[in-house]
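Listing of target.txt, compact mmCIF, C-alpha atoms
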# COMPACT_ATOMS: atom_id res chain seq x y z
CA MET A 46 38.60 -75.73 -17.91
CA ALA A 47 41.99 -74.51 -19.10
CA ALA A 48 40.46 -73.48 -22.43
CA ASP A 49 37.74 -71.51 -20.61
CA THR A 50 40.37 -69.74 -18.49
CA GLU A 51 42.39 -68.83 -21.57
CA LYS A 52 39.26 -67.53 -23.29
CA ARG A 53 38.56 -65.23 -20.35
CA GLU A 54 42.15 -63.98 -20.41
CA MET A 55 41.96 -63.01 -24.07
CA ILE A 56 40.49 -59.68 -25.14
CA SER A 57 38.56 -58.86 -28.31
CA ILE A 58 39.90 -56.95 -31.30
CA GLU A 59 37.72 -53.98 -30.32
CA GLU A 60 39.06 -54.00 -26.75
CA ALA A 61 42.64 -54.16 -28.00
CA LEU A 62 42.08 -51.24 -30.36
CA ALA A 63 40.51 -49.17 -27.57
CA ILE A 64 43.54 -49.76 -25.34
CA ILE A 65 45.92 -48.92 -28.18
CA LYS A 66 44.12 -45.68 -29.04
CA THR A 67 44.25 -44.41 -25.46
CA GLY A 68 47.98 -45.08 -25.21
CA ILE A 69 49.32 -43.52 -28.42
CA PRO A 70 51.81 -40.72 -27.66
CA ALA A 71 51.17 -37.37 -29.31
CA PRO A 72 52.98 -36.78 -32.61
CA VAL A 73 56.10 -34.63 -32.39
CA GLU A 74 56.23 -31.32 -34.26
CA GLN A 75 59.50 -30.07 -35.73
CA GLU A 76 60.60 -27.38 -38.14
CA TYR A 77 62.10 -28.60 -41.39
CA ALA A 78 63.56 -27.15 -44.53
CA VAL A 79 61.11 -27.95 -47.31
CA GLU A 80 63.72 -30.23 -48.92
CA GLU A 81 63.79 -32.29 -45.71
CA ALA A 82 60.01 -32.41 -45.32
CA PHE A 83 59.17 -34.64 -48.29
CA GLY A 84 56.73 -37.36 -47.21
CA LYS A 85 55.99 -35.69 -43.88
CA ILE A 86 52.66 -34.30 -42.68
CA LEU A 87 52.21 -30.58 -42.13
CA ALA A 88 51.72 -29.57 -38.50
CA GLU A 89 50.47 -26.08 -39.40
CA ASP A 90 48.21 -24.28 -41.82
CA ILE A 91 50.15 -22.60 -44.61
CA HIS A 92 48.76 -19.24 -45.74
CA ALA A 93 49.95 -17.47 -48.85
CA PRO A 94 52.57 -14.80 -48.05
CA GLU A 95 51.93 -13.30 -51.49
CA SER A 96 49.47 -13.50 -54.34
CA SER A 97 49.73 -15.74 -57.38
CA PRO A 98 50.44 -14.63 -59.98
CA ARG A 99 52.53 -11.98 -58.25
CA PHE A 100 52.01 -9.64 -61.19
CA THR A 101 49.77 -9.57 -64.23
CA ASN A 102 51.51 -11.38 -67.08
CA SER A 103 51.03 -12.90 -70.49
CA ALA A 104 49.92 -16.49 -71.11
CA MET A 105 51.19 -16.39 -74.71
CA ASP A 106 54.01 -15.12 -76.90
CA GLY A 107 52.61 -12.17 -78.81
CA TYR A 108 51.83 -8.47 -78.37
CA GLY A 109 50.48 -6.53 -75.43
CA VAL A 110 47.83 -4.07 -76.62
CA ARG A 111 44.94 -1.88 -75.50
CA TRP A 112 41.56 -3.44 -76.26
CA GLU A 113 40.12 -0.11 -77.36
CA ASP A 114 42.70 -0.08 -80.20
CA VAL A 115 42.11 -3.59 -81.52
CA HIS A 116 38.51 -4.65 -80.97
CA GLY A 117 36.87 -5.45 -84.27
CA ALA A 118 40.15 -6.38 -85.97
CA GLU A 119 39.71 -9.03 -88.65
CA PRO A 120 41.94 -10.41 -91.43
CA ASP A 121 40.22 -8.24 -94.04
CA MET A 122 40.10 -5.23 -91.65
CA PRO A 123 43.42 -5.40 -89.71
CA VAL A 124 44.57 -2.82 -87.19
CA THR A 125 48.14 -1.58 -87.43
CA LEU A 126 50.01 -0.50 -84.25
CA ASP A 127 53.45 0.96 -83.55
CA ILE A 128 55.83 -1.36 -81.63
CA VAL A 129 57.31 0.70 -78.78
CA GLY A 130 59.26 -1.97 -76.90
CA GLU A 131 59.41 -5.50 -75.59
CA SER A 132 58.54 -7.22 -72.28
CA ARG A 133 60.48 -10.40 -71.74
CA ALA A 134 60.30 -12.90 -68.90
CA GLY A 135 62.67 -11.41 -66.33
CA THR A 136 63.08 -8.13 -68.23
CA PRO A 137 59.86 -6.10 -68.19
CA PHE A 138 59.00 -3.09 -70.35
CA HIS A 139 58.99 -0.12 -67.98
CA GLY A 140 57.23 2.38 -70.19
CA THR A 141 53.52 2.87 -70.84
CA VAL A 142 51.58 1.82 -73.91
CA GLY A 143 49.69 4.68 -75.47
CA LYS A 144 46.95 4.86 -78.06
CA GLY A 145 47.88 3.02 -81.26
CA GLU A 146 50.88 1.32 -79.65
CA ALA A 147 51.91 -2.27 -78.76
CA VAL A 148 54.80 -4.10 -77.08
CA ARG A 149 56.22 -7.47 -77.95
CA ILE A 150 55.63 -9.86 -75.02
CA SER A 151 56.82 -13.33 -74.02
CA THR A 152 54.94 -15.98 -72.08
CA GLY A 153 55.16 -15.16 -68.38
CA ALA A 154 56.41 -11.62 -68.98
CA MET A 155 54.89 -8.68 -67.08
CA LEU A 156 52.10 -6.85 -68.86
CA ALA A 157 53.00 -3.22 -69.57
CA THR A 158 51.02 -0.32 -68.09
CA TRP A 159 47.70 0.30 -69.91
CA CYS A 160 47.88 -3.03 -71.76
CA ASP A 161 44.84 -5.18 -71.05
CA THR A 162 44.92 -7.78 -73.84
CA VAL A 163 47.47 -10.07 -75.49
CA ILE A 164 47.31 -10.89 -79.20
CA PRO A 165 49.14 -14.18 -79.93
CA VAL A 166 51.80 -14.20 -82.63
CA GLU A 167 49.71 -16.35 -84.96
CA ASP A 168 47.05 -13.60 -85.13
CA THR A 169 49.55 -10.93 -86.24
CA GLU A 170 51.92 -9.84 -88.98
CA GLU A 171 55.01 -7.88 -87.95
CA LEU A 172 56.20 -5.13 -90.26
CA SER A 173 59.60 -4.01 -88.95
CA ASP A 174 58.63 -1.52 -86.19
CA ARG A 175 54.89 -2.00 -86.66
CA VAL A 176 52.50 -4.93 -86.17
CA ARG A 177 49.30 -5.74 -87.99
CA ILE A 178 46.57 -7.24 -85.75
CA LEU A 179 44.49 -9.74 -87.75
CA ALA A 180 42.12 -10.88 -84.98
CA ALA A 181 41.14 -9.83 -81.48
CA LYS A 182 38.60 -12.20 -79.95
CA LYS A 183 37.88 -10.62 -76.56
CA GLN A 184 39.17 -8.11 -74.07
CA GLY A 185 41.62 -9.57 -71.56
CA GLN A 186 42.45 -12.62 -73.65
CA HIS A 187 45.64 -14.51 -72.74
CA VAL A 188 46.20 -12.34 -69.67
CA ARG A 189 47.01 -13.90 -66.29
CA CYS A 190 45.80 -11.41 -63.71
CA GLU A 191 47.62 -10.73 -60.45
CA GLY A 192 46.07 -12.87 -57.69
CA GLU A 193 43.77 -14.87 -59.95
CA GLU A 194 45.01 -18.18 -58.46
CA PHE A 195 45.09 -17.02 -54.83
CA ARG A 196 45.52 -13.86 -52.81
CA GLU A 197 47.93 -13.03 -50.02
CA GLY A 198 46.56 -14.57 -46.83
CA ASP A 199 44.56 -17.33 -48.52
CA LEU A 200 44.90 -20.85 -47.11
CA LEU A 201 47.25 -22.80 -49.36
CA LEU A 202 47.85 -26.07 -47.51
CA PRO A 203 45.90 -27.11 -44.41
CA ARG A 204 47.45 -28.86 -41.45
CA GLY A 205 47.48 -32.61 -42.10
CA THR A 206 48.58 -32.31 -45.74
CA LYS A 207 51.28 -34.71 -46.88
CA ILE A 208 54.18 -32.89 -48.48
CA ALA A 209 54.84 -34.43 -51.88
CA ALA A 210 56.25 -32.95 -55.09
CA PRO A 211 53.27 -30.64 -55.91
CA GLN A 212 53.09 -29.29 -52.35
CA ALA A 213 56.84 -28.69 -52.25
CA ALA A 214 56.62 -26.84 -55.56
CA LEU A 215 53.78 -24.65 -54.26
CA LEU A 216 55.75 -23.76 -51.13
CA ALA A 217 58.80 -22.83 -53.19
CA ALA A 218 56.68 -20.78 -55.59
CA VAL A 219 55.59 -18.45 -52.78
CA GLY A 220 59.03 -18.26 -51.16
CA ILE A 221 58.45 -20.58 -48.18
CA THR A 222 61.63 -22.48 -47.30
CA ARG A 223 60.80 -23.89 -43.84
CA VAL A 224 57.65 -25.53 -42.46
CA LYS A 225 56.45 -27.21 -39.27
CA ALA A 226 55.77 -30.89 -39.85
CA TYR A 227 55.35 -34.00 -37.75
CA ARG A 228 58.50 -36.01 -37.19
CA GLN A 229 58.36 -39.46 -38.76
CA CYS A 230 57.54 -42.14 -36.24
CA GLU A 231 60.76 -43.94 -35.30
CA VAL A 232 60.49 -47.72 -35.20
CA ALA A 233 62.95 -50.41 -34.13
CA VAL A 234 62.67 -54.10 -35.03
CA LEU A 235 63.91 -56.93 -32.80
CA VAL A 236 63.51 -60.37 -34.34
CA THR A 237 63.88 -63.15 -31.77
CA GLY A 238 64.69 -66.75 -32.59
CA SER A 239 67.86 -68.80 -32.22
CA GLU A 240 66.82 -70.84 -35.26
CA LEU A 241 66.81 -67.88 -37.64
CA VAL A 242 69.43 -67.08 -40.27
CA ALA A 243 69.51 -64.32 -42.88
CA ALA A 244 68.45 -65.13 -46.43
CA GLY A 245 71.99 -65.07 -47.82
CA GLU A 246 73.61 -67.13 -45.06
CA THR A 247 74.37 -70.85 -45.13
CA ILE A 248 71.47 -72.68 -43.53
CA ALA A 249 71.58 -75.86 -41.48
CA GLU A 250 68.93 -78.55 -41.54
CA HIS A 251 67.39 -77.37 -38.27
CA GLN A 252 67.36 -73.64 -39.10
CA ILE A 253 64.83 -71.30 -40.71
CA ARG A 254 65.45 -68.34 -42.98
CA ASP A 255 64.35 -65.07 -41.40
CA SER A 256 61.61 -63.39 -43.42
CA ASN A 257 60.19 -61.27 -40.59
CA MET A 258 62.95 -58.68 -40.56
CA ILE A 259 62.78 -57.72 -44.22
CA MET A 260 58.98 -57.94 -44.16
CA LEU A 261 58.65 -55.59 -41.21
CA LYS A 262 61.27 -53.19 -42.52
CA ALA A 263 59.32 -52.88 -45.77
CA ALA A 264 55.98 -52.58 -43.96
CA ILE A 265 57.32 -49.87 -41.64
CA GLU A 266 58.71 -47.83 -44.52
CA GLU A 267 55.49 -48.22 -46.52
CA SER A 268 53.57 -47.02 -43.45
CA GLY A 269 55.68 -43.86 -43.23
CA GLY A 270 57.85 -44.93 -40.30
CA ARG A 271 61.60 -44.40 -40.01
CA ILE A 272 63.60 -47.45 -38.98
CA THR A 273 66.17 -46.77 -36.27
CA ARG A 274 67.40 -50.28 -35.49
CA CYS A 275 67.04 -53.87 -36.77
CA VAL A 276 68.65 -56.77 -34.89
CA ARG A 277 68.22 -60.51 -34.41
CA VAL A 278 68.14 -61.74 -30.82
CA ALA A 279 68.76 -65.26 -29.57
CA ASP A 280 66.06 -66.98 -27.49
CA GLU A 281 67.84 -66.22 -24.23
CA GLU A 282 66.44 -64.02 -21.47
CA PRO A 283 69.63 -61.99 -20.78
CA ALA A 284 70.08 -61.29 -24.51
CA THR A 285 66.44 -60.25 -24.84
CA ILE A 286 66.60 -57.95 -21.81
CA GLU A 287 69.81 -56.37 -23.14
CA ALA A 288 68.46 -55.88 -26.66
CA ILE A 289 65.29 -54.16 -25.44
CA GLY A 290 67.26 -52.03 -22.97
CA GLN A 291 69.59 -50.79 -25.70
CA THR A 292 66.79 -49.82 -28.10
CA ARG A 293 65.46 -46.27 -28.41
CA ALA A 294 62.44 -45.60 -30.61
CA ASP A 295 58.84 -44.42 -30.55
CA ILE A 296 57.77 -48.00 -31.24
CA ILE A 297 59.70 -51.20 -30.61
CA VAL A 298 58.40 -54.12 -32.66
CA CYS A 299 59.49 -57.57 -31.50
CA THR A 300 58.64 -60.79 -33.30
CA GLY A 301 58.54 -64.15 -31.60
CA GLY A 302 59.07 -64.84 -27.91
CA VAL A 303 55.58 -63.78 -26.79
CA SER A 304 53.88 -67.14 -26.36
CA VAL A 305 53.97 -69.44 -23.32
CA GLY A 306 57.06 -71.51 -24.14
CA ARG A 307 60.12 -71.83 -21.91
CA HIS A 308 62.15 -69.83 -24.43
CA ASP A 309 59.71 -66.96 -24.90
CA HIS A 310 61.34 -63.99 -23.17
CA VAL A 311 59.95 -60.81 -24.75
CA LYS A 312 57.35 -60.12 -22.03
CA ASN A 313 59.87 -60.63 -19.21
CA GLY A 314 62.49 -58.67 -21.14
CA ALA A 315 60.14 -55.73 -21.59
CA GLU A 316 59.00 -55.67 -17.97
CA ALA A 317 62.58 -56.03 -16.72
CA ASN A 318 63.28 -52.79 -18.60
CA GLY A 319 60.40 -50.93 -16.97
CA PHE A 320 57.65 -51.46 -19.56
CA ALA A 321 54.16 -51.76 -18.15
CA PRO A 322 52.04 -54.41 -19.89
CA LEU A 323 48.77 -53.17 -21.43
CA PHE A 324 47.46 -56.45 -22.81
CA TRP A 325 48.52 -59.92 -23.92
CA LYS A 326 46.53 -62.27 -26.18
CA ILE A 327 43.66 -61.31 -28.46
CA ARG A 328 40.70 -63.47 -29.40
CA GLN A 329 41.69 -63.56 -33.05
CA LYS A 330 43.23 -65.73 -35.74
CA PRO A 331 45.98 -65.36 -36.78
CA GLY A 332 47.97 -63.51 -34.14
CA LYS A 333 46.49 -64.52 -30.78
CA PRO A 334 49.62 -63.95 -28.61
CA LEU A 335 49.94 -60.21 -29.38
CA TYR A 336 51.58 -58.29 -26.54
CA LEU A 337 51.58 -54.54 -25.88
CA ALA A 338 53.52 -52.63 -23.22
CA ARG A 339 54.43 -49.00 -22.65
CA LYS A 340 57.29 -47.13 -21.00
CA GLY A 341 57.02 -43.35 -21.04
CA THR A 342 56.28 -42.41 -24.64
CA THR A 343 57.58 -45.70 -26.09
CA LEU A 344 55.25 -48.50 -27.12
CA LEU A 345 56.49 -52.07 -27.42
CA PHE A 346 54.55 -54.51 -29.58
CA GLY A 347 55.35 -58.19 -29.20
CA LEU A 348 54.18 -59.84 -32.43
CA PRO A 349 53.94 -63.60 -32.97
CA GLY A 350 56.87 -65.29 -34.67
CA ASN A 351 54.92 -66.84 -37.53
CA PRO A 352 55.37 -64.40 -40.44
CA VAL A 353 51.69 -64.21 -41.45
CA SER A 354 50.60 -63.65 -37.85
CA ALA A 355 53.30 -61.02 -37.42
CA PHE A 356 52.25 -59.17 -40.56
CA MET A 357 48.53 -59.30 -39.77
CA CYS A 358 49.14 -57.89 -36.28
CA PHE A 359 51.36 -55.21 -37.76
CA ALA A 360 48.77 -54.27 -40.39
CA HIS A 361 45.84 -54.06 -38.00
CA TYR A 362 47.47 -52.66 -34.86
CA VAL A 363 50.94 -51.19 -35.45
CA ARG A 364 50.42 -49.47 -38.78
CA PRO A 365 47.57 -47.21 -37.55
CA VAL A 366 49.75 -46.14 -34.61
CA ILE A 367 52.54 -45.12 -36.98
CA THR A 368 49.92 -43.21 -38.97
CA VAL A 369 48.78 -41.27 -35.88
CA MET A 370 52.32 -40.49 -34.77
CA ASN A 371 53.01 -39.17 -38.26
CA GLY A 372 50.14 -36.72 -37.86
CA LEU A 373 47.21 -38.49 -39.54
CA PRO A 374 44.03 -40.09 -38.13
CA PHE A 375 43.93 -43.66 -36.85
CA GLY A 376 42.68 -45.93 -39.62
CA TRP A 377 43.25 -48.38 -42.47
CA PRO A 378 42.94 -48.35 -46.26
CA THR A 379 39.59 -50.07 -46.88
CA VAL A 380 37.33 -50.74 -49.83
CA SER A 381 33.84 -52.23 -49.95
CA GLY A 382 32.90 -55.19 -52.12
CA GLU A 383 30.49 -58.09 -52.50
CA ALA A 384 31.35 -61.65 -51.55
CA GLY A 385 31.64 -63.87 -54.61
CA GLU A 386 31.14 -66.95 -52.44
CA ASP A 387 30.13 -67.91 -48.91
CA ILE A 388 33.05 -67.25 -46.55
CA THR A 389 32.55 -68.89 -43.14
CA ASN A 390 34.53 -68.72 -39.92
CA ARG A 391 34.10 -72.13 -38.30
CA GLY A 392 36.60 -71.42 -35.53
CA SER A 393 36.19 -70.09 -31.99
CA ARG A 394 38.13 -66.86 -32.55
CA THR A 395 37.57 -63.84 -34.78
CA ASN A 396 39.29 -64.61 -38.07
CA MET A 397 41.17 -62.16 -40.28
CA ILE A 398 40.64 -64.03 -43.54
CA ARG A 399 42.96 -63.08 -46.38
CA VAL A 400 41.04 -62.33 -49.55
CA GLN A 401 41.44 -61.33 -53.17
CA LEU A 402 39.55 -58.63 -55.05
CA ALA A 403 38.40 -58.70 -58.65
CA TRP A 404 36.91 -55.68 -60.41
CA LEU A 405 33.78 -56.87 -62.21
CA HIS A 406 32.79 -55.60 -65.65
CA ASN A 407 29.42 -54.43 -64.33
CA GLY A 408 31.16 -52.39 -61.63
CA GLY A 409 32.14 -53.14 -58.04
CA TYR A 410 34.53 -55.52 -56.33
CA CYS A 411 34.10 -59.26 -55.93
CA ILE A 412 35.65 -60.76 -52.77
CA THR A 413 36.97 -64.33 -52.58
CA HIS A 414 39.17 -65.96 -49.96
CA VAL A 415 42.79 -66.99 -50.54
CA GLU A 416 43.19 -70.74 -50.71
CA LYS A 417 45.89 -71.27 -48.07
CA GLN A 418 45.34 -69.46 -44.78
CA GLY A 419 48.05 -70.98 -42.59
CA SER A 420 49.91 -68.52 -40.32
CA HIS A 421 53.23 -69.86 -41.64
CA MET A 422 52.22 -69.56 -45.30
CA LEU A 423 53.51 -66.32 -46.78
CA THR A 424 51.64 -66.98 -50.01
CA SER A 425 48.46 -66.14 -48.10
CA LEU A 426 49.84 -62.60 -48.00
CA SER A 427 51.64 -62.35 -51.32
CA GLY A 428 48.57 -63.67 -53.12
CA ALA A 429 46.07 -61.47 -51.29
CA ASP A 430 44.78 -57.93 -51.65
CA GLY A 431 43.72 -57.61 -48.01
CA TYR A 432 41.55 -59.26 -45.39
CA VAL A 433 38.02 -59.36 -44.04
CA ILE A 434 37.16 -59.78 -40.36
CA VAL A 435 34.68 -62.61 -39.75
CA GLU A 436 33.35 -63.44 -36.28
CA PRO A 437 33.15 -67.02 -34.92
CA GLY A 438 30.28 -68.90 -36.51
CA GLN A 439 29.59 -66.05 -38.92
CA THR A 440 29.16 -66.55 -42.66
CA LEU A 441 29.78 -63.77 -45.12
CA LYS A 442 27.11 -64.78 -47.62
CA LYS A 443 27.60 -64.67 -51.36
CA GLY A 444 26.43 -61.24 -52.55
CA GLU A 445 26.73 -59.69 -49.07
CA ARG A 446 28.78 -56.50 -48.83
CA ALA A 447 31.83 -56.30 -46.61
CA ASP A 448 34.78 -54.01 -45.95
CA VAL A 449 38.18 -55.27 -47.06
CA TYR A 450 41.22 -53.97 -45.20
CA ARG A 451 43.70 -53.35 -48.00
CA TYR A 452 47.40 -54.13 -48.03
CA ASP A 453 49.44 -51.08 -49.02
CA PHE A 454 51.89 -53.09 -51.08
CA ARG A 455 49.24 -53.96 -53.69
CA ARG A 456 48.84 -50.75 -55.74
CA ASP A 457 48.86 -51.91 -59.36
CA PRO A 458 46.32 -50.05 -61.53
CA VAL A 459 43.19 -51.87 -62.64
CA GLU A 460 39.87 -50.95 -64.17
CA GLY A 461 37.70 -49.19 -61.59
CA SER A 462 37.52 -46.12 -59.46
CA MET A 463 39.98 -44.74 -56.95
CA PHE A 464 39.31 -45.14 -53.26
CA GLU A 465 40.23 -42.75 -50.48
CA VAL A 466 41.56 -43.21 -46.95
CA GLN A 467 42.69 -40.39 -44.65
CA GLY A 468 42.99 -37.99 -47.57
CA LEU A 469 45.21 -40.39 -49.55
CA ARG A 470 43.98 -42.01 -52.76
CA PHE A 471 44.95 -45.43 -54.08
CA LYS A 472 44.30 -47.42 -57.24
CA PRO A 473 42.32 -50.65 -56.83
CA GLN A 474 44.04 -53.98 -57.48
CA SER A 475 42.56 -56.99 -59.20
CA ALA A 476 43.46 -60.58 -58.51
CA GLY A 477 42.30 -64.03 -59.40
CA LEU A 478 39.66 -65.99 -57.51
CA GLU A 479 40.52 -69.04 -55.45
CA GLU A 480 38.77 -72.13 -54.18
CA GLU A 481 37.88 -73.33 -50.70
CA THR A 482 40.59 -74.39 -48.24
CA ASN A 483 41.98 -74.55 -44.73
CA GLY A 484 38.84 -74.34 -42.64
CA VAL A 485 37.45 -71.40 -44.63
CA HIS A 486 34.48 -72.76 -46.56
CA GLY A 487 33.66 -71.41 -50.00
CA SER A 488 32.93 -72.20 -53.63
CA CYS A 489 34.80 -70.70 -56.60
CA LEU A 490 32.93 -68.03 -58.56
CA HIS A 491 34.33 -69.20 -61.92
CA GLN A 492 33.07 -72.81 -61.96
I need this file expressed as structure tokens, please.
Amino acid sequence: MAADTEKREMISIEEALAIIKTGIPAPVEQEYAVEEAFGKILAEDIHAPESSPRFTNSAMDGYGVRWEDVHGAEPDMPVTLDIVGESRAGTPFHGTVGKGEAVRISTGAMLATWCDTVIPVEDTEELSDRVRILAAKKQGQHVRCEGEEFREGDLLLPRGTKIAAPQAALLAAVGITRVKAYRQCEVAVLVTGSELVAAGETIAEHQIRDSNMIMLKAAIEESGGRITRCVRVADEEPATIEAIGQTRADIIVCTGGVSVGRHDHVKNGAEANGFAPLFWKIRQKPGKPLYLARKGTTLLFGLPGNPVSAFMCFAHYVRPVITVMNGLPFGWPTVSGEAGEDITNRGSRTNMIRVQLAWLHNGGYCITHVEKQGSHMLTSLSGADGYVIVEPGQTLKKGERADVYRYDFRRDPVEGSMFEVQGLRFKPQSAGLEEETNGVHGSCLHQ
């Protein structure tokens, strides 16, 4: 009876996602200097304030000429022109080029009035103040025309574009120094557990090294969030209430303290600080005791203490929220592949099974499960490319296609195509194939 009551209390993954989506605060727009906007998402369309190129210029070092003077020039029938000046990058020739005349010109230099063609140096012979044209292939050759890339008023960068090096260069090239972008989502991490010590500290027999803090800090930064606070909190209710009350962020991520034990204080600590609970416990494995509460525009996620459970809940629920608050759509990096073995969920809850991907020589991904799936086994993350969601009693049959939710920290190049998520493109990652284990039934592809 108790198990039936607990099952009714739990919600599905789909129900949890629906609640999360309705409670995400709107992203915050701010104005930034371009140098401060790297990695941020544009909150406005950027239209060209000027054309590019701004003026007609040369694509080669050579001579600016009039086509009517040089067409038909060949090595055995050269055309000789008078050199009347020079146009250099930054120092244009201000005169006009008349019949039978030419100007020396550098790459990027402004084309002189009445010039319509550039003859590269290698197709000429200079004779003091005259130049012999040995070849002229076509009118307009090696000329970059004003506005040929884009015109004033054209859309350069649409809202939702991530500002990286090429975008920053484009903005600078047209004289834009400030843009409106979405403020990075601010995230705080509270790791609960009196048994935890930092990696470099002396550890007692009864203690555990804390891996959640560094894991979540890395995951938050990879997701585009900005970390505002990271602290460890003892398993004491007053300390938990105080730590939550002193934390200011768009998202507060707590690990541990969300189960039903006597020393689990995150739910009480959140509600004592005015957070309204939205849900607690999801019908999934790993990560059943996930907790979500909201106060104003701040969301508080209570993740399980087991590191794998914490990371899986972060990847599937917290990361997409950070994405939205940074100005992008709700979603995950995913790629489709074919199961290389039967993968069965024999449990009573939806299972997020960690898997590996291999790029096959005949094209496409092969999916196999990671051997060890325990929620305390970090190798199930470090040895995986992502996870598949398998319902209770469901078998992902060998050869059946499925979507794999990718981990962002696996981006090594491998043979195969790129895949795209929310306008961002990633390289696929290959990995070895593993054998059956831990309640997930399968057979190795390479037997």
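Between CA of Asp448 in chain A and CA of Thr379 in chain A the separation is 6.3 Å.
Here CA of Thr222 in chain A is placed at a distance of 13.4 Å from CA of His92 in chain A.
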>> One number please: CA of Thr343 in chain A to CA of Gly319 in chain A, in Å, one decimal.
In response: 10.9 Å
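Proximity of A:Gln252, A:Gln418, A:Gln229, A:Ser304 to Leu335 in chain A, computed with only C-alpha atoms, is greatest for A:Ser304.
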>> Using all atoms listed in the file and a cutoff of 12 Å, can you tell me which residues are near (62.9, -59.0, -14.5) in the file's coordinates, and write them out as a PyMOL selection string?
In response: chain A and resi 282-283+285-287+290+310-321
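You can rank A:Leu156, A:Val176, A:Met357, A:Val163 by their closest distance to Val129 in chain A using only C-alpha atoms, and at the top of that list sits A:Val176.
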> In terms of the shortest atom-to-atom distance over only C-alpha atoms, which of A:His139, A:Pro437, A:Asp90, A:Glu146 is closest to Glu113 in chain A?
Replying inline: A:Glu146
> Using all atoms listed in the file, what residues lie at most 8 Å away from (40.9, -10.2, -74.1) (file coordinates), given as a PyMOL selection string?
Replying inline: chain A and resi 112+161-163+181-188
Can I get the selected residues back with C-alpha atoms, as a short mmCIF file (atom, residue, chain, number, x, y, z; two decimals), keeping the file's coordinate frame?
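Output saved as again29.cif:
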data_model
loop_
_atom_site.label_atom_id
_atom_site.label_comp_id
_atom_site.auth_asym_id
_atom_site.auth_seq_id
_atom_site.Cartn_x
_atom_site.Cartn_y
_atom_site.Cartn_z
CA TRP A 112 41.56 -3.44 -76.26
CA ASP A 161 44.84 -5.18 -71.05
CA THR A 162 44.92 -7.78 -73.84
CA VAL A 163 47.47 -10.07 -75.49
CA ALA A 181 41.14 -9.83 -81.48
CA LYS A 182 38.60 -12.20 -79.95
CA LYS A 183 37.88 -10.62 -76.56
CA GLN A 184 39.17 -8.11 -74.07
CA GLY A 185 41.62 -9.57 -71.56
CA GLN A 186 42.45 -12.62 -73.65
CA HIS A 187 45.64 -14.51 -72.74
CA VAL A 188 46.20 -12.34 -69.67
#
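Within 9 Å of Val73 in chain A, once only C-alpha atoms are used and residues closer than 5 positions along the same chain are dropped, the contacting residues are Ala226, Tyr227, Arg228, Gln229, Cys230, Met370, Asn371 and Gly372 of chain A.
The closest residue to Asp255 in chain A, picked from A:Pro137, A:Gly392, A:Gly382, A:Gly238 and counting all atoms listed in the file, is A:Gly238.
If you measure from each of A:Ile327, A:Met258, A:Ile86, A:Val242 to Glu60 in chain A using all atoms listed in the file, the closest one turns out to be A:Ile327.
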> Got a sec: who's within 10 Å of Thr101 in chain A, counting all atoms listed in the file, leaving out chain neighbours fewer than 3 positions off, as a count of residues only?
Replying inline: 15
For Pro211 in chain A, work out the shell of residues within 12 Å, counting all atoms listed in the file and skipping chain neighbours fewer than 6 positions away, then give it as a tab-separated table (two decimals) with C-alpha atoms, in the frame of the given file.
chain	number	residue	atom	x	y	z
A	79	VAL	CA	61.11	-27.95	-47.31
A	83	PHE	CA	59.17	-34.64	-48.29
A	84	GLY	CA	56.73	-37.36	-47.21
A	201	LEU	CA	47.25	-22.80	-49.36
A	202	LEU	CA	47.85	-26.07	-47.51
A	217	ALA	CA	58.80	-22.83	-53.19
A	218	ALA	CA	56.68	-20.78	-55.59
>> For a quick check of understanding, using only C-alpha atoms, which of A:Leu345, A:Val366, A:Val303, A:Ala233 has the smallest distance to Trp325 in chain A?
In response: A:Val303
>> Could you list, as an NGL selection string, every residue within 6 Å of Tyr77 in chain A, counting all atoms listed in the file and ignoring same-chain residues fewer than 2 positions away?
In response: :A and (81-82 or 223-224)
Do a neighbour search on Leu344 in chain A at 9 Å with all atoms listed in the file, toss out local chain neighbours closer than 4 positions, and write the hits as an mmCIF file with C-alpha atoms, keeping the file's coordinate frame.
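Contents of the output file result-v9.cif:
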data_model
loop_
_atom_site.group_PDB
_atom_site.id
_atom_site.type_symbol
_atom_site.label_atom_id
_atom_site.label_comp_id
_atom_site.auth_asym_id
_atom_site.auth_seq_id
_atom_site.Cartn_x
_atom_site.Cartn_y
_atom_site.Cartn_z
ATOM 1 C CA GLY A 68 47.980 -45.080 -25.210
ATOM 2 C CA ILE A 69 49.320 -43.520 -28.420
ATOM 3 C CA PRO A 70 51.810 -40.720 -27.660
ATOM 4 C CA ALA A 294 62.440 -45.600 -30.610
ATOM 5 C CA ASP A 295 58.840 -44.420 -30.550
ATOM 6 C CA ILE A 296 57.770 -48.000 -31.240
ATOM 7 C CA ILE A 297 59.700 -51.200 -30.610
ATOM 8 C CA VAL A 298 58.400 -54.120 -32.660
ATOM 9 C CA PHE A 320 57.650 -51.460 -19.560
ATOM 10 C CA LEU A 337 51.580 -54.540 -25.880
ATOM 11 C CA ALA A 338 53.520 -52.630 -23.220
ATOM 12 C CA ARG A 339 54.430 -49.000 -22.650
ATOM 13 C CA LYS A 340 57.290 -47.130 -21.000
#
